[in-house]
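Heads up: the structure comes next, in structure tokens.
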Amino acid sequence: MKWPNLKHLHYLVVLHQEQHFHRAAQHCHVSQSTLSTAIQNLEEQFGSQLLERDHKTFVFTPLGLELVERSKALLNDAHELVDFAQSAGNWQAGKLKIGVIPTIAPFIFEGLIERVHQNLPDITLQLQEDTTANLLTQLNEGALDLLMLALPMETPGCKQLVLGHDPFHLIAHSDLVTTLPVPLDVSALPKQSIFLLQQEHCMTGHAVSACGLKHSEQVNSLAASSLYTLVQLASSKLGFTFMPELAIQNHILSTKSLVSMPAEDMAYREIGMVWRNGTTRVRLFRHLAELVAPLIPIPTLTR
């Protein structure tokens with residue numbers, strides 16, 4: 001049996017990702033003819049059509065789509081094999097690519113880097129900040145090894161490990177605190193008075209769910225792009241927002257006339273790690289979890 005060329009399978013995956021021969025060739029740093037020939041070689045080797053071509057357009061066949069998904073898994077395993085060999089089988093050595101969402105990254109990167117350097121000196125750490133959806137795509141495609149996300153969150157084909165709980169706090173300018181109902185009742189806040197992040201940030205969904213924001217008319221149509229923008233909006237005295245304790249502990253409110261109050265029923269999000277099923281680096285990930293858990297406001301990981 002003649003084994004398929006891994007580089008050709010990589011070309012196939014990139015072509016599916018880009019849906020364009022020229023862009024895929026640029027991404028792979030090869031000529032368009034080289035990429036086209038590689039796809040044709042795969043079709044000849046498997047004896048089946050992977051693309052339906054029509055002049056300058058193409059569509060993946062059902063077999064082609066299935067092969068793309070299987071190739072992603074195979075390429076991920078190949079990457080891990082190379083990393084394993086380069087580190088001479090030492091699970092505490094090698095390159096580690098971690099993706100972190102924006103509502104966690106600014107408040108944990110410093111501690112994460114410091115703890116890895118102190119406890120895993122032979123690990124080369126690469127960090128990336130992006131939205132949950134983008135990070136999950138990169139994890140499944142093998143571009144990242146591990147994610148730190150806010151949970152609960154559906155992560156098909158992946159394992160999750162909860163590190164701890166991150167309680168939400170209602171944030172208000174000190175001048176507005178006396179206007180709040182006692183006891184605190186979020187449902188009694190005025191219409192358009194609550195500022196949240198844009199929908200692509202999963203913290204918005206977690207805040208809405210955890211803090212009981214059932215009335216959409218309370219949420220202001222102005223959606224922020226970062227927690228720092230939410231701080232500015234709350235400082236304007238136009239309304240209120242929710243902030244995770246992780247950010248508050250890292251002094252996001254230190255220079256503002258803002259007051260934080262625990263959300264109703266101790267609402268919180270979970271912070272956890274996510275990795276692909278079948279990875280060979282679980283021992284490293286669990287050790288890293290033990291190092292990172294103390295950085296979470298309420299760590300729950302058993303150490």
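We name chains A, B, ... following the order of the structure tokens; residues begin at 1 in each chain, and ligands are numbered from 1 as shown.
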
Next item on the list: Write out as a list in words the residues lying within 8 Å of range 150-159 of chain A, counting only C-alpha atoms and excluding same-chain residues fewer than 4 positions away.
Entry: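 Counting only C-alpha atoms, the residues come to Ile101, Leu136, Cys202, Met203, Arg269, Glu270, Ile271, Gly272, Val274, Trp275, Arg276 and Asn277 of chain A.
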
With N, CA and C atoms retained, export the selected residues as an mmCIF file, in the first residue's frame.
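Now in again-v4.cif:
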```cif
data_model
loop_
_atom_site.group_PDB
_atom_site.id
_atom_site.type_symbol
_atom_site.label_atom_id
_atom_site.label_comp_id
_atom_site.auth_asym_id
_atom_site.auth_seq_id
_atom_site.Cartn_x
_atom_site.Cartn_y
_atom_site.Cartn_z
ATOM 1 N N ILE A 101 -9.220 33.515 25.782
ATOM 2 C CA ILE A 101 -10.206 34.515 25.370
ATOM 3 C C ILE A 101 -9.883 35.879 25.999
ATOM 4 N N LEU A 136 -11.535 27.785 19.127
ATOM 5 C CA LEU A 136 -11.959 26.386 18.960
ATOM 6 C C LEU A 136 -11.646 25.885 17.560
ATOM 7 N N CYS A 202 -18.132 35.398 24.678
ATOM 8 C CA CYS A 202 -19.003 34.454 25.378
ATOM 9 C C CYS A 202 -19.405 34.942 26.761
ATOM 10 N N MET A 203 -18.669 35.914 27.331
ATOM 11 C CA MET A 203 -19.032 36.408 28.661
ATOM 12 C C MET A 203 -20.419 37.019 28.677
ATOM 13 N N ARG A 269 -19.168 32.484 36.339
ATOM 14 C CA ARG A 269 -18.791 31.677 35.177
ATOM 15 C C ARG A 269 -17.682 30.733 35.635
ATOM 16 N N GLU A 270 -17.490 29.655 34.917
ATOM 17 C CA GLU A 270 -16.376 28.748 35.189
ATOM 18 C C GLU A 270 -15.230 29.077 34.241
ATOM 19 N N ILE A 271 -14.030 28.927 34.723
ATOM 20 C CA ILE A 271 -12.842 29.061 33.870
ATOM 21 C C ILE A 271 -12.200 27.687 33.766
ATOM 22 N N GLY A 272 -11.955 27.253 32.552
ATOM 23 C CA GLY A 272 -11.427 25.908 32.379
ATOM 24 C C GLY A 272 -10.475 25.788 31.214
ATOM 25 N N VAL A 274 -9.365 23.443 27.798
ATOM 26 C CA VAL A 274 -9.972 22.588 26.771
ATOM 27 C C VAL A 274 -8.866 22.076 25.859
ATOM 28 N N TRP A 275 -8.879 20.761 25.589
ATOM 29 C CA TRP A 275 -7.920 20.184 24.648
ATOM 30 C C TRP A 275 -8.591 19.099 23.821
ATOM 31 N N ARG A 276 -7.963 18.738 22.719
ATOM 32 C CA ARG A 276 -8.534 17.751 21.802
ATOM 33 C C ARG A 276 -8.545 16.357 22.422
ATOM 34 N N ASN A 277 -9.578 15.597 22.104
ATOM 35 C CA ASN A 277 -9.591 14.181 22.462
ATOM 36 C C ASN A 277 -8.414 13.487 21.782
#
```

Next item on the list: Using only C-alpha atoms, determine which residues lie at most 10 Å from range 52-55 of chain A, disregarding the query and same-chain residues fewer than 5 positions distant; provide the list as a ChimeraX atom specification.
Entry: /A:60-61,64

Margin query: Residues within 8 Å of Lys237 in chain A, please, as JSON, numbers by chain. Count only C-alpha atoms; anything in the same chain fewer than 5 positions from it doesn't count.
Written below: {"A": [172, 173, 175, 176]}

Listing only residues of range 116-145 of chain A within 12 Å of range 8-31 of chain A, what is the closest atom pair and its distance in Å (to one decimal) for each, using only C-alpha atoms, sorted by chain and residue number ascending, as a Markdown table?
```
| residue | atom | partner | partner_atom | distance |
| --- | --- | --- | --- | --- |
| A:Thr137 | CA | A:Gln17 | CA | 10.6 |
| A:Gln138 | CA | A:Gln17 | CA | 11.3 |
| A:Asn140 | CA | A:Val13 | CA | 11.9 |
| A:Glu141 | CA | A:Val13 | CA | 8.9 |
| A:Gly142 | CA | A:His10 | CA | 11.2 |
```

Checklist line | Selected residue, from A:Leu35, A:Leu238, A:Val282, A:Leu96, that lies nearest to Gln160 in chain A when counting only C-alpha atoms | finding: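 Using only C-alpha atoms, Gln160 in chain A sits closest to A:Val282.
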
Item checked: Residue set, range 6-110 of chain A restricted to alpha helix (DSSP H), as a count of residues only -> 67
